[in-house]
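*Asks:* What follows is entry26.txt, compact mmCIF, C-alpha atoms.
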# COMPACT_ATOMS: atom_id res chain seq x y z
CA MET A 60 -39.01 -6.79 14.81
CA LYS A 61 -35.73 -5.64 16.31
CA ALA A 62 -32.61 -5.55 14.22
CA LEU A 63 -29.63 -7.79 14.91
CA LEU A 64 -27.04 -5.04 14.68
CA LEU A 65 -23.69 -5.93 13.14
CA GLY A 66 -22.69 -2.31 12.61
CA VAL A 67 -22.20 -0.76 9.19
CA SER A 68 -20.29 2.48 8.93
CA ALA A 69 -22.73 3.92 6.42
CA GLY A 70 -25.40 3.85 9.09
CA VAL A 71 -27.62 1.13 7.61
CA LEU A 72 -29.50 -1.05 10.07
CA LEU A 73 -29.49 -4.79 9.61
CA LEU A 74 -32.37 -7.23 9.73
CA GLY A 75 -32.59 -9.99 12.32
CA ALA A 76 -34.95 -11.72 14.72
CA SER A 77 -36.65 -9.99 17.62
CA GLN A 78 -36.20 -12.95 19.97
CA ILE A 79 -34.39 -16.21 19.37
CA PRO A 80 -37.17 -18.76 19.96
CA ALA A 81 -37.02 -21.41 22.63
CA LEU A 82 -36.61 -25.03 21.56
CA ALA A 83 -39.65 -27.26 21.74
CA ASP A 84 -37.52 -29.81 23.59
CA ASP A 85 -33.88 -30.52 24.33
CA SER A 86 -33.59 -33.74 22.34
CA PRO A 87 -30.92 -33.94 19.64
CA SER A 88 -32.14 -33.48 16.11
CA GLN A 89 -29.12 -34.14 13.90
CA GLY A 90 -30.14 -34.37 10.27
CA SER A 91 -33.82 -33.69 10.93
CA SER A 92 -36.04 -30.66 10.69
CA SER A 93 -37.58 -30.41 14.14
CA THR A 94 -40.13 -27.79 15.00
CA VAL A 95 -39.28 -24.85 17.21
CA GLY A 96 -41.73 -23.43 19.69
CA ALA A 97 -43.05 -19.88 19.21
CA LEU A 98 -41.32 -19.49 15.84
CA PRO A 99 -42.77 -16.63 13.75
CA GLY A 100 -44.55 -17.83 10.63
CA ASP A 101 -42.20 -15.98 8.30
CA LEU A 102 -39.29 -17.96 9.77
CA ALA A 103 -40.77 -21.42 9.27
CA PRO A 104 -38.29 -24.30 9.74
CA GLN A 105 -36.29 -25.16 6.66
CA LEU A 106 -33.19 -27.21 6.04
CA ALA A 107 -29.96 -25.67 4.87
CA TYR A 108 -26.85 -27.45 3.69
CA MET A 109 -23.68 -26.64 5.60
CA GLN A 110 -20.17 -28.00 5.24
CA ASN A 111 -20.86 -30.53 7.97
CA GLY A 112 -24.29 -31.72 6.85
CA GLN A 113 -27.95 -30.85 7.16
CA VAL A 114 -28.78 -28.21 9.77
CA SER A 115 -32.28 -27.50 10.99
CA VAL A 116 -33.66 -24.42 12.70
CA THR A 117 -33.76 -26.40 15.94
CA GLN A 118 -30.06 -27.12 15.68
CA ALA A 119 -29.32 -23.52 14.81
CA VAL A 120 -31.13 -22.27 17.91
CA ARG A 121 -29.35 -24.90 20.03
CA VAL A 122 -26.00 -23.67 18.75
CA LEU A 123 -26.92 -20.07 19.50
CA ARG A 124 -27.93 -21.01 23.05
CA MET A 125 -24.70 -22.88 23.55
CA ALA A 126 -22.59 -20.08 22.10
CA THR A 127 -24.13 -17.35 24.26
CA GLY A 128 -24.68 -19.42 27.40
CA LEU A 129 -28.22 -18.06 27.61
CA GLU A 130 -31.52 -19.93 27.54
CA LYS A 131 -33.32 -17.27 25.47
CA PRO A 132 -30.71 -14.99 23.92
CA SER A 133 -32.08 -11.79 22.46
CA ALA A 134 -30.79 -9.99 19.41
CA THR A 135 -29.11 -7.52 21.77
CA ASP A 136 -27.34 -10.36 23.59
CA VAL A 137 -25.96 -11.68 20.33
CA ALA A 138 -25.02 -8.26 18.99
CA ALA A 139 -22.89 -7.65 22.09
CA LEU A 140 -20.73 -10.68 21.32
CA ASP A 141 -18.04 -11.44 18.77
CA LEU A 142 -19.86 -11.93 15.48
CA TYR A 143 -16.93 -12.94 13.32
CA PRO A 144 -18.24 -15.99 11.52
CA ALA A 145 -16.84 -19.36 10.66
CA PRO A 146 -18.82 -20.24 7.55
CA PHE A 147 -16.35 -22.96 6.56
CA LYS A 148 -14.61 -24.19 9.68
CA GLN A 149 -12.52 -26.82 7.96
CA ALA A 150 -9.26 -25.01 7.58
CA TRP A 151 -7.94 -27.48 5.01
CA GLN A 152 -10.88 -28.34 2.77
CA PRO A 153 -10.67 -30.92 -0.04
CA LEU A 154 -12.08 -28.47 -2.57
CA SER A 155 -12.33 -30.12 -5.96
CA SER A 156 -11.68 -26.76 -7.60
CA MET A 157 -8.26 -26.48 -6.02
CA PRO A 158 -5.49 -27.70 -8.35
CA VAL A 159 -3.86 -29.73 -5.59
CA ALA A 160 -3.60 -33.49 -5.42
CA GLY A 161 -4.80 -35.38 -2.38
CA SER A 162 -6.95 -34.28 0.50
CA PHE A 163 -6.30 -32.24 3.58
CA VAL A 164 -6.73 -32.96 7.25
CA ALA A 165 -9.79 -31.29 8.74
CA GLN A 166 -8.88 -28.76 11.38
CA GLY A 167 -10.89 -26.40 13.52
CA HIS A 168 -14.43 -26.72 14.79
CA THR A 169 -16.32 -29.00 12.45
CA ALA A 170 -18.98 -30.77 14.55
CA MET A 171 -22.25 -29.20 15.57
CA GLY A 172 -22.65 -29.09 19.33
CA ASP A 173 -18.98 -29.73 20.06
CA GLY A 174 -18.92 -27.06 22.75
CA GLN A 175 -16.49 -24.83 20.88
CA LEU A 176 -18.75 -22.93 18.48
CA THR A 177 -18.92 -19.18 18.77
CA ALA A 178 -21.78 -16.74 18.48
CA GLY A 179 -20.51 -16.00 15.00
CA ASP A 180 -20.91 -19.66 14.06
CA ALA A 181 -24.43 -19.61 15.38
CA VAL A 182 -25.32 -16.52 13.40
CA GLN A 183 -23.97 -18.15 10.24
CA VAL A 184 -26.06 -21.26 10.90
CA LEU A 185 -29.16 -19.18 11.53
CA THR A 186 -28.52 -17.27 8.33
CA ARG A 187 -28.63 -20.45 6.27
CA ALA A 188 -31.14 -22.51 8.21
CA MET A 189 -33.72 -19.77 8.72
CA GLY A 190 -33.15 -17.70 5.62
CA ILE A 191 -32.49 -14.53 7.61
CA SER A 192 -30.77 -11.76 5.70
CA PHE A 193 -28.67 -9.65 8.03
CA LEU A 194 -28.53 -6.82 5.53
CA ASP A 195 -31.77 -5.85 3.80
CA ALA A 196 -30.04 -3.85 1.09
CA ALA A 197 -26.67 -2.41 0.33
CA PRO A 198 -25.92 0.98 1.88
CA VAL A 199 -26.76 3.77 -0.54
CA MET A 200 -23.42 5.35 -1.34
CA ARG A 201 -22.47 8.30 -3.54
CA VAL A 202 -19.32 8.08 -5.66
CA LYS A 203 -17.33 11.28 -6.12
CA THR A 204 -13.91 11.93 -7.64
CA ILE A 205 -11.70 13.91 -5.27
CA ALA A 206 -8.51 14.11 -7.35
CA GLY A 207 -7.17 13.20 -10.78
CA GLY A 208 -8.49 13.23 -14.32
CA SER A 209 -6.94 12.09 -17.57
CA PHE A 210 -3.65 10.25 -17.11
CA GLY A 211 -0.52 12.29 -16.60
CA PHE A 212 1.39 13.91 -13.79
CA ALA A 213 0.54 17.14 -12.02
CA ASP A 214 0.56 18.31 -8.42
CA GLY A 215 -1.87 20.99 -7.33
CA PRO A 216 -5.57 21.47 -6.57
CA ALA A 217 -7.87 18.50 -7.13
CA GLU A 218 -9.18 19.66 -10.49
CA VAL A 219 -5.73 20.03 -12.05
CA SER A 220 -3.98 17.10 -10.34
CA ARG A 221 -3.10 14.06 -12.42
CA PHE A 222 -2.22 10.44 -11.69
CA ASN A 223 -1.02 7.63 -13.94
CA GLY A 224 -2.29 4.21 -12.96
CA PRO A 225 -2.73 4.77 -9.19
CA VAL A 226 -2.90 1.49 -7.29
CA GLY A 227 -2.68 1.51 -3.49
CA VAL A 228 -4.28 4.09 -1.21
CA ALA A 229 -4.03 4.62 2.56
CA VAL A 230 -5.41 7.16 5.02
CA ASP A 231 -3.89 8.32 8.29
CA ALA A 232 -5.58 9.29 11.56
CA ASP A 233 -5.84 12.91 10.43
CA GLY A 234 -7.62 12.06 7.19
CA ILE A 235 -4.59 12.64 4.94
CA LEU A 236 -4.47 10.26 1.97
CA TYR A 237 -1.42 8.60 0.46
CA VAL A 238 -1.41 7.11 -3.04
CA ALA A 239 0.99 4.71 -4.72
CA ASP A 240 1.06 6.35 -8.17
CA ARG A 241 2.56 3.39 -9.99
CA ASP A 242 3.22 4.62 -13.52
CA ASN A 243 4.43 8.01 -12.29
CA TYR A 244 6.90 6.20 -9.98
CA ARG A 245 5.87 8.44 -7.11
CA VAL A 246 4.23 8.39 -3.70
CA ARG A 247 1.62 11.16 -3.59
CA LYS A 248 -0.08 12.88 -0.67
CA VAL A 249 -3.62 14.24 -0.83
CA LEU A 250 -4.53 16.91 1.68
CA LYS A 251 -8.01 17.41 3.11
CA ASP A 252 -8.83 20.14 0.60
CA GLY A 253 -7.93 17.81 -2.28
CA THR A 254 -4.55 19.36 -3.03
CA VAL A 255 -2.12 16.74 -4.31
CA VAL A 256 1.60 16.92 -3.56
CA THR A 257 4.44 14.52 -4.29
CA LEU A 258 6.00 13.09 -1.15
CA ALA A 259 8.75 11.08 -2.83
CA GLY A 260 9.90 9.85 -6.22
CA SER A 261 11.62 11.38 -9.23
CA GLY A 262 9.23 10.17 -11.90
CA THR A 263 11.91 7.87 -13.34
CA ALA A 264 11.92 4.13 -12.68
CA GLY A 265 14.68 2.95 -10.39
CA ALA A 266 15.53 1.57 -6.97
CA VAL A 267 17.27 4.45 -5.22
CA ASP A 268 16.83 5.44 -1.59
CA GLY A 269 16.88 9.16 -0.86
CA ILE A 270 14.79 12.16 0.10
CA GLY A 271 11.95 13.48 -2.06
CA ASP A 272 12.74 13.54 -5.76
CA ALA A 273 16.16 12.00 -5.15
CA ALA A 274 14.40 8.69 -4.45
CA GLN A 275 13.30 6.35 -7.19
CA PHE A 276 10.61 3.66 -7.31
CA GLN A 277 10.32 0.83 -9.79
CA ARG A 278 6.87 -0.77 -9.51
CA LEU A 279 4.76 0.58 -6.65
CA SER A 280 1.82 -1.50 -5.46
CA GLY A 281 0.55 -1.46 -1.87
CA ILE A 282 0.71 1.36 0.64
CA ALA A 283 -0.08 1.61 4.36
CA VAL A 284 0.39 4.06 7.23
CA ALA A 285 1.97 2.88 10.48
CA PRO A 286 0.98 4.16 13.94
CA SER A 287 4.27 6.11 13.90
CA GLY A 288 3.10 8.08 10.86
CA ASP A 289 5.62 6.42 8.56
CA ILE A 290 4.33 5.17 5.23
CA TYR A 291 5.26 1.74 3.93
CA VAL A 292 5.08 0.73 0.28
CA THR A 293 5.71 -2.44 -1.65
CA ASP A 294 7.92 -1.67 -4.61
CA ASN A 295 8.89 -4.43 -7.04
CA HIS A 296 10.39 -7.04 -4.67
CA LYS A 297 11.05 -4.72 -1.76
CA LEU A 298 9.39 -3.19 1.28
CA ARG A 299 10.26 0.49 1.63
CA ARG A 300 9.59 3.11 4.30
CA VAL A 301 8.71 6.68 3.42
CA SER A 302 9.00 9.20 6.25
CA GLN A 303 6.83 12.28 6.45
CA ASN A 304 9.77 14.35 5.18
CA GLY A 305 9.92 12.17 2.05
CA ASN A 306 12.96 10.13 3.10
CA VAL A 307 12.80 6.71 1.41
CA VAL A 308 14.63 3.74 2.93
CA THR A 309 14.46 0.11 1.81
CA VAL A 310 13.82 -1.91 4.99
CA ALA A 311 13.34 -5.46 3.67
CA GLY A 312 13.70 -7.41 0.47
CA ASN A 313 16.19 -7.40 -2.33
CA THR A 314 16.02 -9.42 -5.52
CA GLN A 315 13.09 -11.67 -6.48
CA GLY A 316 12.87 -14.89 -4.49
CA PHE A 317 11.81 -16.34 -1.19
CA ALA A 318 13.78 -16.19 2.05
CA GLU A 319 13.08 -15.42 5.68
CA GLY A 320 15.48 -13.10 7.41
CA VAL A 321 16.24 -9.57 8.53
CA GLY A 322 16.20 -6.60 6.18
CA ASN A 323 17.68 -7.27 2.74
CA ALA A 324 18.41 -10.89 3.64
CA ALA A 325 14.67 -11.51 3.30
CA LEU A 326 13.27 -12.03 -0.19
CA PHE A 327 9.82 -11.36 -1.68
CA ASN A 328 8.26 -12.20 -5.04
CA ASP A 329 5.97 -9.44 -6.29
CA PRO A 330 4.63 -8.20 -2.94
CA ARG A 331 1.34 -6.34 -3.29
CA GLY A 332 -0.99 -5.05 -0.56
CA LEU A 333 0.11 -4.51 3.01
CA ALA A 334 -1.30 -3.52 6.39
CA VAL A 335 0.20 -2.37 9.69
CA ASP A 336 -1.30 -3.34 13.05
CA GLN A 337 -1.44 -1.30 16.25
CA TYR A 338 1.87 -2.80 17.41
CA GLY A 339 3.77 -1.81 14.28
CA TYR A 340 3.87 -5.28 12.71
CA ILE A 341 3.56 -5.19 8.92
CA TYR A 342 1.62 -7.81 6.97
CA VAL A 343 2.47 -8.23 3.30
CA ALA A 344 0.58 -10.09 0.57
CA ASP A 345 3.56 -11.78 -1.11
CA CYS A 346 1.67 -12.48 -4.31
CA GLY A 347 4.27 -14.42 -6.29
CA ASN A 348 5.17 -16.59 -3.30
CA ASN A 349 1.52 -17.34 -2.44
CA ARG A 350 2.20 -16.29 1.13
CA ILE A 351 1.32 -13.71 3.74
CA ARG A 352 4.52 -12.42 5.28
CA ARG A 353 4.86 -10.76 8.66
CA VAL A 354 7.50 -8.10 9.32
CA THR A 355 8.44 -7.13 12.86
CA PRO A 356 9.18 -3.53 13.87
CA GLY A 357 12.85 -4.53 13.61
CA TYR A 358 12.24 -5.73 10.00
CA THR A 359 12.60 -9.46 10.59
CA VAL A 360 10.48 -11.21 7.94
CA ASP A 361 8.75 -14.56 8.41
CA THR A 362 5.75 -16.35 6.90
CA LEU A 363 2.36 -16.14 8.61
CA ALA A 364 0.28 -18.16 6.14
CA GLY A 365 0.56 -19.87 2.78
CA ASN A 366 3.25 -21.73 0.90
CA ASN A 367 4.70 -21.74 -2.57
CA THR A 368 2.47 -24.53 -3.96
CA ALA A 369 -0.76 -22.49 -4.11
CA ALA A 370 -2.27 -25.14 -1.84
CA PHE A 371 -4.51 -22.72 0.00
CA LEU A 372 -3.45 -19.28 -1.19
CA SER A 373 -3.04 -18.37 -4.83
CA ALA A 374 -1.73 -14.91 -5.71
CA PRO A 375 -2.85 -12.98 -2.61
CA THR A 376 -3.10 -9.29 -3.42
CA ALA A 377 -4.22 -7.52 -0.24
CA VAL A 378 -4.43 -7.87 3.52
CA ALA A 379 -6.17 -6.20 6.45
CA VAL A 380 -5.72 -6.83 10.16
CA ASP A 381 -8.05 -6.16 13.07
CA THR A 382 -7.30 -5.31 16.70
CA ALA A 383 -7.56 -9.00 17.67
CA SER A 384 -4.78 -9.83 15.16
CA ASN A 385 -7.10 -11.64 12.77
CA VAL A 386 -5.69 -11.25 9.27
CA TYR A 387 -8.01 -10.92 6.26
CA ILE A 388 -6.72 -11.79 2.82
CA VAL A 389 -7.74 -11.19 -0.77
CA ASP A 390 -7.01 -14.56 -2.39
CA MET A 391 -7.08 -13.20 -5.90
CA LYS A 392 -6.82 -16.29 -8.12
CA TYR A 393 -9.33 -18.17 -5.98
CA ASN A 394 -11.63 -15.11 -5.97
CA ARG A 395 -12.13 -15.39 -2.23
CA ILE A 396 -11.85 -13.32 0.91
CA ARG A 397 -10.09 -15.41 3.57
CA LYS A 398 -9.52 -15.06 7.30
CA PHE A 399 -6.54 -16.31 9.29
CA SER A 400 -6.96 -16.19 13.06
CA PRO A 401 -4.20 -16.11 15.70
CA ASP A 402 -5.03 -19.71 16.71
CA GLY A 403 -4.15 -20.91 13.20
CA ILE A 404 -7.68 -21.40 11.86
CA PHE A 405 -7.87 -20.52 8.18
CA ILE A 406 -11.33 -20.05 6.65
CA THR A 407 -13.09 -18.68 3.61
CA LEU A 408 -15.26 -15.74 4.61
CA ALA A 409 -16.82 -15.11 1.19
CA GLY A 410 -16.42 -16.05 -2.44
CA ALA A 411 -15.74 -19.14 -4.53
CA THR A 412 -13.22 -20.15 -7.19
CA THR A 413 -15.40 -19.19 -10.16
CA ALA A 414 -14.69 -15.66 -11.40
CA GLU A 415 -18.18 -14.16 -11.64
CA PHE A 416 -20.35 -11.50 -10.06
CA ALA A 417 -22.96 -12.27 -7.40
CA ASP A 418 -23.97 -10.77 -4.09
CA GLY A 419 -24.76 -13.32 -1.39
CA THR A 420 -23.47 -14.94 1.79
CA GLY A 421 -20.33 -17.03 2.07
CA ASP A 422 -19.69 -19.24 -0.93
CA THR A 423 -22.77 -17.96 -2.78
CA ALA A 424 -21.03 -14.60 -3.32
CA ARG A 425 -18.74 -14.17 -6.32
CA PHE A 426 -15.75 -11.93 -7.04
CA TYR A 427 -13.60 -11.50 -10.13
CA ALA A 428 -9.89 -10.86 -9.57
CA PRO A 429 -10.37 -8.79 -6.39
CA GLN A 430 -7.46 -6.49 -5.57
CA GLY A 431 -7.72 -4.10 -2.60
CA LEU A 432 -9.04 -4.62 0.93
CA ALA A 433 -9.77 -2.38 3.92
CA MET A 434 -11.59 -2.74 7.23
CA ASP A 435 -13.68 -0.18 9.09
CA ALA A 436 -14.02 0.26 12.85
CA ASN A 437 -17.03 -2.09 12.96
CA GLY A 438 -15.22 -5.02 11.33
CA ASN A 439 -16.81 -4.60 7.91
CA LEU A 440 -14.54 -5.21 4.92
CA TYR A 441 -14.45 -3.25 1.68
CA VAL A 442 -13.13 -4.97 -1.43
CA ALA A 443 -11.94 -3.41 -4.67
CA ASP A 444 -13.42 -6.04 -6.99
CA ALA A 445 -11.36 -5.02 -10.01
CA GLY A 446 -12.57 -7.55 -12.56
CA ASN A 447 -16.19 -6.70 -11.78
CA ASN A 448 -15.51 -2.93 -11.71
CA ARG A 449 -17.23 -2.68 -8.34
CA ILE A 450 -16.64 -1.90 -4.68
CA ARG A 451 -18.08 -4.61 -2.45
CA LEU A 452 -19.01 -4.63 1.23
CA VAL A 453 -18.38 -7.83 3.22
CA LEU A 454 -20.09 -8.05 6.60
CA PRO A 455 -18.58 -10.02 9.50
CA ASN A 456 -21.08 -12.85 8.85
CA GLY A 457 -19.78 -13.25 5.30
CA GLU A 458 -22.62 -11.45 3.54
CA VAL A 459 -21.50 -9.54 0.44
CA LYS A 460 -23.26 -6.51 -1.03
CA THR A 461 -22.27 -4.21 -3.88
CA ILE A 462 -22.05 -0.55 -2.90
CA ALA A 463 -20.71 1.00 -6.11
CA GLY A 464 -20.18 0.15 -9.75
CA GLN A 465 -21.81 -1.88 -12.50
CA THR A 466 -20.97 -4.40 -15.19
CA GLY A 467 -18.50 -3.01 -17.68
CA ALA A 468 -15.71 -0.49 -17.31
CA GLY A 469 -16.37 3.22 -17.71
CA TYR A 470 -16.56 6.50 -15.88
CA ALA A 471 -19.65 8.05 -14.31
CA ASP A 472 -19.25 10.31 -11.30
CA ASP A 473 -21.25 12.07 -8.58
CA VAL A 474 -23.90 9.36 -8.80
CA VAL A 475 -25.24 6.73 -6.42
CA GLY A 476 -24.41 3.02 -6.19
CA SER A 477 -24.85 1.06 -9.39
CA ALA A 478 -25.15 4.25 -11.47
CA ALA A 479 -21.43 4.80 -10.93
CA LYS A 480 -18.97 3.47 -13.48
CA LEU A 481 -15.50 2.36 -12.48
CA SER A 482 -12.54 0.99 -14.39
CA PHE A 483 -10.39 -1.54 -12.54
CA PRO A 484 -10.59 -0.24 -8.95
CA SER A 485 -7.43 -1.40 -7.21
CA GLY A 486 -6.82 0.07 -3.77
CA VAL A 487 -9.28 0.87 -1.00
CA ALA A 488 -9.04 2.60 2.39
CA VAL A 489 -11.49 3.64 5.12
CA ASP A 490 -11.03 6.58 7.47
CA SER A 491 -12.06 6.76 11.12
CA SER A 492 -15.49 8.20 10.25
CA GLY A 493 -16.29 5.40 7.79
CA VAL A 494 -15.63 7.28 4.55
CA VAL A 495 -14.34 4.91 1.88
CA TYR A 496 -11.66 5.91 -0.64
CA PHE A 497 -10.51 3.92 -3.64
CA THR A 498 -8.14 4.24 -6.56
CA ASP A 499 -9.91 3.92 -9.90
CA GLN A 500 -6.78 2.72 -11.64
CA ALA A 501 -7.70 2.77 -15.33
CA ASN A 502 -9.56 6.06 -14.87
CA HIS A 503 -6.46 7.56 -13.17
CA ARG A 504 -8.54 8.99 -10.33
CA LEU A 505 -8.90 8.90 -6.57
CA ARG A 506 -12.56 8.56 -5.63
CA ARG A 507 -14.64 8.68 -2.45
CA LEU A 508 -17.74 6.84 -1.22
CA THR A 509 -20.02 8.53 1.31
CA ALA A 510 -23.54 7.81 2.49
CA ALA A 511 -26.02 9.38 0.05
CA GLN A 512 -28.13 12.14 1.56
I need this file expressed as structure tokens, please.
*Replies:*
Amino acid sequence: MKALLLGVSAGVLLLGASQIPALADDSPSQGSSSTVGALPGDLAPQLAYMQNGQVSVTQAVRVLRMATGLEKPSATDVAALDLYPAPFKQAWQPLSSMPVAGSFVAQGHTAMGDGQLTAGDAVQVLTRAMGISFLDAAPVMRVKTIAGGSFGFADGPAEVSRFNGPVGVAVDADGILYVADRDNYRVRKVLKDGTVVTLAGSGTAGAVDGIGDAAQFQRLSGIAVAPSGDIYVTDNHKLRRVSQNGNVVTVAGNTQGFAEGVGNAALFNDPRGLAVDQYGYIYVADCGNNRIRRVTPGYTVDTLAGNNTAAFLSAPTAVAVDTASNVYIVDMKYNRIRKFSPDGIFITLAGATTAEFADGTGDTARFYAPQGLAMDANGNLYVADAGNNRIRLVLPNGEVKTIAGQTGAGYADDVVGSAAKLSFPSGVAVDSSGVVYFTDQANHRLRRLTAAQ
């Protein structure tokens, strides 16, 4: 049986169907479980509940045909297409768990067979209707500390370096790491050999622009590297730029509040994670304002998604953006991973309101106060699931697998997968070769995930 390849950076192949079977006939089968010709016995027809009703295998295959434009699409045909899913295509869902009065207007593609479904939609339907698991097991990953130890402050080789509550982490094209060392009030740089140096910050809380240790930070959170090589950090209610020479300049934000505008005329409320796209646009998870803000290269700030009522975002803590300008969001209080597309469609990719732990697909997966988010070159997301003390992998079809950590906080290193112990992982980054880095905040360490040999 061939694999339906979605692409995982750790090199794990994914399970799928060798050939999408032909329909027994072309008659509609809404709400019924019709038989499908030449269907393997281990994929017997079964009903699955979707947001828009009962979906049979026959319907799922029909959708896949429609999405690909092929009579008998193979796994290879599907794998070559855009596999970003739409597990919940109603952008404004009347979720009973949301503390918002009234209902919302359904938007997006909600009807089966409406001519607008994508290959990703079809894959999601097949996942539920046929019980296919696109990932047999989580990638086997080894967890290794690369810098830090007990809390404190020290620059130097990895074994002597010290952090104090590191939060955000970013990696540049050359594999150099940058860490928002919150309780040391510094931005740190980690070289390829593990040597840690301070790029900017005096170690004293403040809000002073300047070069190197003349600069002061107040409450560092997110960090990202722009295509220009500049580093951006969220600091208290401000967005600040750190040049490679350590020069710190506040580029947007001022006091706590909400306002659109240019530079310090714009206001944020506890901005957290951020990401920079290939065009230099900055996306900020404005946690206290329940919004995702977009900042142009000229530092004009507007709102991309969300509002101040927590209607569909509640305390977002991290963002990631892909090359198609889809924005992925950690919706922390709702314990969900969300996706906002350029055409305005807003969906839940994985998770549900309940703060728990569970691997699964879509709304069967569970997170607990997730914090950091990063995307690899294949479109897979990595989540720092802080409340569960785990690092989670989210595939483009919404399937969630745990790749490191276990129940309960602690510290265990140079071990594989669930043998590792973490303590409130906060930031996460992925380099160009698929190596995952994360800040283990309460353990005061920077750690790495690589495929186990």
*Asks:* Would you pick out the contacts of Pro330 of chain A at 12 Å or less, using only C-alpha atoms, so that residues sharing its chain but fewer than 5 positions from it are not included, and give the list as number ranges by chain?
*Replies:* A: 278-282, 292-299, 311-317, 342-353, 374-378
*Asks:* Between A:Thr309, A:Ser373, A:Ser209, A:Ser261, which is the closest to Ala324 of chain A once you count only C-alpha atoms?
*Replies:*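 Answer, going by the shortest atom-to-atom distance: A:Thr309.
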*Asks:* Quick one: of A:Val256, A:Ile462, A:Val246, A:Met200, who's nearest to Thr509 of chain A, counting all atoms listed in the file?
*Replies:*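 Between A:Val256, A:Ile462, A:Val246, A:Met200, the residue approaching Thr509 of chain A most closely is A:Met200.
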*Asks:* Work out how far apart atom CA of Gly486 of chain A and atom CA of Gly215 of chain A are and give it in Å to one decimal.
*Replies:*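 According to the coordinates, atom CA of Gly486 of chain A and atom CA of Gly215 of chain A are separated by 21.8 Å.
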*Asks:* Go ahead and compute the interatomic distance for atom CA of Val238 of chain A and atom CA of Ala283 of chain A, in Å to one decimal.
*Replies:*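 Atom CA of Val238 of chain A sits 9.3 Å away from atom CA of Ala283 of chain A.
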*Asks:* Take atom CA of Val228 of chain A and atom CA of Ala479 of chain A and report the distance between them in Å, one decimal.
*Replies:*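 Atom-to-atom, atom CA of Val228 of chain A and atom CA of Ala479 of chain A are spaced 19.7 Å apart.
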*Asks:* Calculated over all atoms listed in the file, which of the candidates A:Glu415, A:Arg504, A:Tyr338, A:Phe405 has the smallest distance to Ala383 of chain A?
*Replies:*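 Closest residue, counting all atoms listed in the file: A:Tyr338.
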*Asks:* Kindly indicate which residue among A:Val230, A:Leu258, A:Ala318, A:Leu333 lies nearest to Val489 of chain A, using all atoms listed in the file for the distances.
*Replies:*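 Using all atoms listed in the file, the shortest distance to Val489 of chain A belongs to A:Val230.
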*Asks:* So, counting all atoms listed in the file, which residue among A:Glu458, A:Asp242, A:Asp402, A:Asp381 is closest to Ala417 of chain A?
*Replies:*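 With all atoms listed in the file as the atom set, the closest residue is A:Glu458.
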